[in-house]
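Q: Next up, data_31.tsv (TSV, C-alpha atoms).
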chain	number	residue	atom	x	y	z
R	664	MET	CA	82.47	186.70	130.48
R	665	LYS	CA	83.21	184.54	133.54
R	666	ALA	CA	80.99	181.77	132.14
R	667	ARG	CA	82.86	181.87	128.83
R	668	GLN	CA	86.25	181.63	130.59
R	669	LEU	CA	84.96	178.77	132.73
R	670	LYS	CA	83.63	176.96	129.66
R	671	ALA	CA	86.91	177.53	127.77
R	672	SER	CA	88.85	176.39	130.81
R	673	SER	CA	86.70	173.25	131.09
R	674	ILE	CA	87.16	172.46	127.41
R	675	ALA	CA	90.93	172.94	127.71
R	676	ALA	CA	91.01	170.66	130.74
R	677	ALA	CA	88.94	168.04	128.93
R	678	VAL	CA	91.24	168.19	125.89
R	679	THR	CA	94.29	167.86	128.14
R	680	VAL	CA	92.80	164.87	129.95
R	681	ALA	CA	91.83	163.25	126.64
R	682	ALA	CA	95.33	163.83	125.26
R	683	LEU	CA	96.87	162.27	128.35
R	684	LEU	CA	94.54	159.30	128.12
R	685	VAL	CA	95.35	158.77	124.46
R	686	ALA	CA	99.07	159.08	125.18
R	687	GLY	CA	98.67	156.67	128.08
R	688	CYS	CA	96.81	154.19	125.93
R	689	GLY	CA	99.40	154.47	123.21
R	690	GLY	CA	102.16	153.75	125.68
R	691	GLY	CA	100.31	150.70	126.97
R	692	ASP	CA	99.79	149.35	123.48
R	693	GLN	CA	103.42	149.89	122.63
R	694	SER	CA	104.65	147.83	125.59
R	695	GLU	CA	102.07	145.14	124.93
R	696	THR	CA	103.17	144.75	121.32
R	697	ALA	CA	106.89	145.01	122.03
R	698	THR	CA	108.57	141.78	121.06
R	699	LEU	CA	111.55	140.04	122.52
R	700	SER	CA	114.67	139.22	120.55
R	701	LYS	CA	115.23	135.54	119.93
R	702	HIS	CA	117.96	135.55	122.57
R	703	GLN	CA	115.66	137.17	125.16
R	704	PHE	CA	112.82	134.81	124.24
R	705	LEU	CA	115.03	131.72	124.59
R	706	LYS	CA	116.44	132.90	127.91
R	707	GLN	CA	112.98	133.48	129.38
R	708	ALA	CA	111.42	130.40	127.77
R	709	ASN	CA	114.17	128.14	129.09
R	710	ALA	CA	113.74	129.61	132.59
R	711	ILE	CA	110.01	128.87	132.40
R	712	CYS	CA	110.74	125.36	131.19
R	713	LYS	CA	113.21	124.66	134.00
R	714	GLU	CA	110.52	125.58	136.51
R	715	SER	CA	108.04	123.48	134.57
R	716	THR	CA	110.28	120.44	134.73
R	717	ASP	CA	110.16	120.61	138.52
R	718	ALA	CA	106.40	121.21	138.44
R	719	GLN	CA	105.91	118.25	136.10
R	720	ALA	CA	107.93	115.96	138.38
R	721	ALA	CA	105.92	117.09	141.41
R	722	ALA	CA	102.67	116.68	139.46
R	723	PHE	CA	103.66	113.16	138.40
R	724	ARG	CA	104.40	112.26	142.03
R	725	GLN	CA	100.98	113.64	142.96
R	726	GLY	CA	99.36	111.52	140.24
R	727	LEU	CA	101.26	108.47	141.41
R	728	ALA	CA	100.01	109.00	144.98
R	729	GLU	CA	96.44	109.27	143.68
R	730	VAL	CA	96.85	106.05	141.70
R	731	GLU	CA	98.26	104.19	144.71
R	732	LYS	CA	95.39	105.38	146.86
R	733	SER	CA	92.85	104.41	144.21
R	734	GLN	CA	94.42	100.98	143.76
R	735	ALA	CA	94.37	100.47	147.51
R	736	ASN	CA	90.62	101.12	147.33
R	737	GLY	CA	90.28	98.37	144.71
R	738	ASN	CA	90.43	100.34	141.43
R	739	THR	CA	91.92	98.14	138.71
R	740	ASP	CA	90.71	100.10	135.62
R	741	GLN	CA	94.02	100.69	133.81
R	742	GLN	CA	92.70	103.47	131.58
R	743	GLU	CA	91.26	105.35	134.55
R	744	LEU	CA	94.46	104.84	136.54
R	745	ARG	CA	96.58	106.16	133.64
R	746	LYS	CA	94.41	109.27	133.41
R	747	MET	CA	94.66	109.75	137.15
R	748	LEU	CA	98.43	109.39	136.97
R	749	THR	CA	98.96	111.82	134.12
R	750	ALA	CA	96.27	114.51	134.58
R	751	PRO	CA	98.27	116.57	137.11
R	752	THR	CA	101.27	116.53	134.76
R	753	TYR	CA	99.16	117.78	131.87
R	754	ARG	CA	98.17	120.83	133.93
R	755	ALA	CA	101.87	121.59	134.50
R	756	VAL	CA	102.63	121.20	130.78
R	757	GLU	CA	99.67	123.40	129.85
R	758	SER	CA	100.91	126.05	132.26
R	759	MET	CA	104.35	125.91	130.63
R	760	ILE	CA	102.82	126.33	127.17
R	761	ASN	CA	100.71	129.28	128.33
R	762	GLU	CA	103.63	131.03	130.05
R	763	VAL	CA	105.95	130.62	127.06
R	764	SER	CA	103.19	131.80	124.70
R	765	ALA	CA	102.58	134.85	126.89
R	766	LEU	CA	106.17	135.99	126.36
R	767	GLY	CA	105.35	136.99	122.82
R	768	LEU	CA	107.14	135.46	119.88
R	769	PRO	CA	110.45	136.92	118.68
R	770	ALA	CA	109.81	139.00	115.55
R	771	GLU	CA	112.89	137.78	113.67
R	772	ASP	CA	111.96	134.13	114.13
R	773	GLU	CA	108.24	134.14	114.89
R	774	GLU	CA	107.24	131.17	112.72
R	775	ALA	CA	109.86	128.82	114.19
R	776	ALA	CA	108.93	129.76	117.76
R	777	LYS	CA	105.24	129.41	116.95
R	778	LYS	CA	105.87	125.92	115.53
R	779	VAL	CA	107.53	124.83	118.78
R	780	ILE	CA	104.55	126.01	120.82
R	781	GLU	CA	102.11	124.37	118.40
R	782	GLU	CA	104.00	121.07	118.69
R	783	PHE	CA	103.73	121.18	122.47
R	784	GLU	CA	99.99	121.90	122.15
R	785	ALA	CA	99.64	118.95	119.74
R	786	GLY	CA	101.60	116.72	122.11
R	787	LEU	CA	99.34	117.72	124.98
R	788	GLU	CA	96.26	116.86	122.90
R	789	LYS	CA	97.74	113.44	122.06
R	790	ALA	CA	98.65	112.77	125.68
R	791	GLU	CA	95.23	113.77	126.99
R	792	ALA	CA	93.53	111.61	124.37
R	793	ASP	CA	95.65	108.58	125.25
R	794	PRO	CA	97.71	108.63	128.46
R	795	ALA	CA	99.53	105.48	127.34
R	796	VAL	CA	101.12	107.50	124.51
R	797	TYR	CA	102.39	110.01	127.07
R	798	LEU	CA	103.77	107.26	129.28
R	799	THR	CA	105.74	105.81	126.35
R	800	GLY	CA	107.35	109.21	125.72
R	801	LYS	CA	105.91	109.51	122.23
R	802	ALA	CA	103.34	112.26	122.79
R	803	PHE	CA	105.89	115.04	123.09
R	804	LYS	CA	108.73	113.55	121.00
R	805	LYS	CA	108.22	115.92	118.06
R	806	ALA	CA	107.77	118.93	120.36
R	807	ASP	CA	110.92	118.08	122.31
R	808	ASP	CA	112.91	117.70	119.06
R	809	GLU	CA	111.57	121.02	117.68
R	810	ALA	CA	112.31	122.78	120.97
R	811	ASP	CA	115.89	121.46	121.08
R	812	ALA	CA	116.50	122.45	117.46
R	813	TYR	CA	115.20	125.95	118.18
R	814	GLY	CA	117.31	126.39	121.32
R	815	MET	CA	114.68	125.71	123.95
R	816	ASN	CA	116.85	122.99	125.45
R	817	ASP	CA	115.20	123.03	128.87
R	818	CYS	CA	111.68	122.48	127.51
R	819	GLY	CA	111.51	118.69	127.37
R	820	VAL	CA	108.36	116.98	128.51
Using C-alpha cells, write down the structure from this file.
A:
Amino acid sequence: MKARQLKASSIAAAVTVAALLVAGCGGGDQSETATLSKHQFLKQANAICKESTDAQAAAFRQGLAEVEKSQANGNTDQQELRKMLTAPTYRAVESMINEVSALGLPAEDEEAAKKVIEEFEAGLEKAEADPAVYLTGKAFKKADDEADAYGMNDCGV
C-alpha cells in the first residue's frame, strides 16, 4: 500500500511539474510572439536609430583615423582606403538593422516596416560592394526615404 501511494504521489508530482513546464513554456512563447503597436515600434526604432547615428559618426572617425595612419605608411590604394574608411560604419549600420529587426514588426503594418528594414539591408549590401557609392550618399537613399515615409525619422544613414 505504501509503495502504491508513493508511486501515485510521484506520478502526481511529475504531472504537476510537467504542467508547470508547459505553462511556463507557453508564457515564454506568448511574450516572444507579442508584437508592438506601430507607435511603440516607431518610438523604440527611432531611439535605436538615434544611438546608431552617434555610433556611425564615431565609427566614421575611427575609419578616418585608420586611413590617415595607412596613408602615412605609404598606402595610396584608393579602393582599399575607402574600404578602410567605411568598414567601421557598416558595422554600426548592421547593428542598427539587427536591433530594429529584433523589436518585432508591428502587426498592423508589418509589410511596410519589413520593407524599411529590407531597404537598409539592400543599402548595406550596396555600400559594402562599393564604398564609393556609400560615400556619395546613394547607397542608403532609398532606405532613408522609406524610413522617413514610415515615420522612422531618426534612421538616416
Q: Which residues are close to region 772-789 of chain R, i.e. within 6 Å by all atoms listed in the file, leaving aside same-chain residues fewer than 5 positions away? Reply as a list in words.
A: Ala802, Phe803, Ala806, Glu809 and Ala810 of chain R
Q: In Å, how far is it from CA of His702 (chain R) to CA of Ser764 (chain R)?
A: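 For CA of His702 (chain R) relative to CA of Ser764 (chain R), the distance reads 15.4 Å.
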Q: Go through R:Ala721, R:Pro794, R:Asp807, R:Asn761 and flag the residue nearest Leu748 (chain R), using all atoms listed in the file for the distances.
A: R:Pro794
Q: (99.2, 127.8, 130.7) in this file's frame - what residues fall within 12 Å of it? Use all atoms listed in the file and give the answer as number ranges by chain.
A: R: 711-712, 715, 753-766, 780, 783-784, 787
Q: One number please: CA of Glu714 (chain R) to CA of Val820 (chain R), in Å, one decimal.
A: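 Going from CA of Glu714 (chain R) over to CA of Val820 (chain R), I get 11.9 Å.
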Q: Would you pick out the contacts of Gln734 (chain R) at 12 Å or less, using all atoms listed in the file, so that residues sharing its chain but fewer than 4 positions from it are not included, and give the list as a JSON list (two decimals) with C-alpha atoms, in the frame of the given file?
A:
[["chain", "number", "residue", "atom", "x", "y", "z"],
["R", 727, "LEU", "CA", 101.26, 108.47, 141.41],
["R", 728, "ALA", "CA", 100.01, 109.00, 144.98],
["R", 729, "GLU", "CA", 96.44, 109.27, 143.68],
["R", 730, "VAL", "CA", 96.85, 106.05, 141.70],
["R", 738, "ASN", "CA", 90.43, 100.34, 141.43],
["R", 739, "THR", "CA", 91.92, 98.14, 138.71],
["R", 740, "ASP", "CA", 90.71, 100.10, 135.62],
["R", 741, "GLN", "CA", 94.02, 100.69, 133.81],
["R", 743, "GLU", "CA", 91.26, 105.35, 134.55],
["R", 744, "LEU", "CA", 94.46, 104.84, 136.54],
["R", 745, "ARG", "CA", 96.58, 106.16, 133.64],
["R", 747, "MET", "CA", 94.66, 109.75, 137.15],
["R", 748, "LEU", "CA", 98.43, 109.39, 136.97]]
Q: Interatomic distance between CA of Ser733 (chain R) and CA of Ala750 (chain R)?
A: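 These two atoms are separated by 14.4 Å.
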Q: Using only C-alpha atoms, which of R:Thr749, R:Glu791, R:Tyr813, R:Gly800 sits nearest Gln719 (chain R)?
A: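 Answer, going by the shortest atom-to-atom distance: R:Thr749.
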Q: Let me have the centre and edge lengths of the axis-aligned box enclosing all listed atoms of region 752-764 of chain R with 4 Å padding on every side, in Å to one decimal, as AutoDock Vina command-line options.
A:
--center_x 102.1 --center_y 124.2 --center_z 129.7 --size_x 15.8 --size_y 23.3 --size_z 18.1
Q: For Ala790 (chain R), which residue out of R:Lys706, R:Lys732, R:Lys804, R:Lys701 is the nearest one, using only C-alpha atoms?
A: R:Lys804
Q: Considering only C-alpha atoms, can you say which of R:Phe723, R:Asn709, R:Leu699, R:Met815 comes closest to Lys746 (chain R)?
A: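 Closest to Lys746 (chain R), using only C-alpha atoms: R:Phe723.
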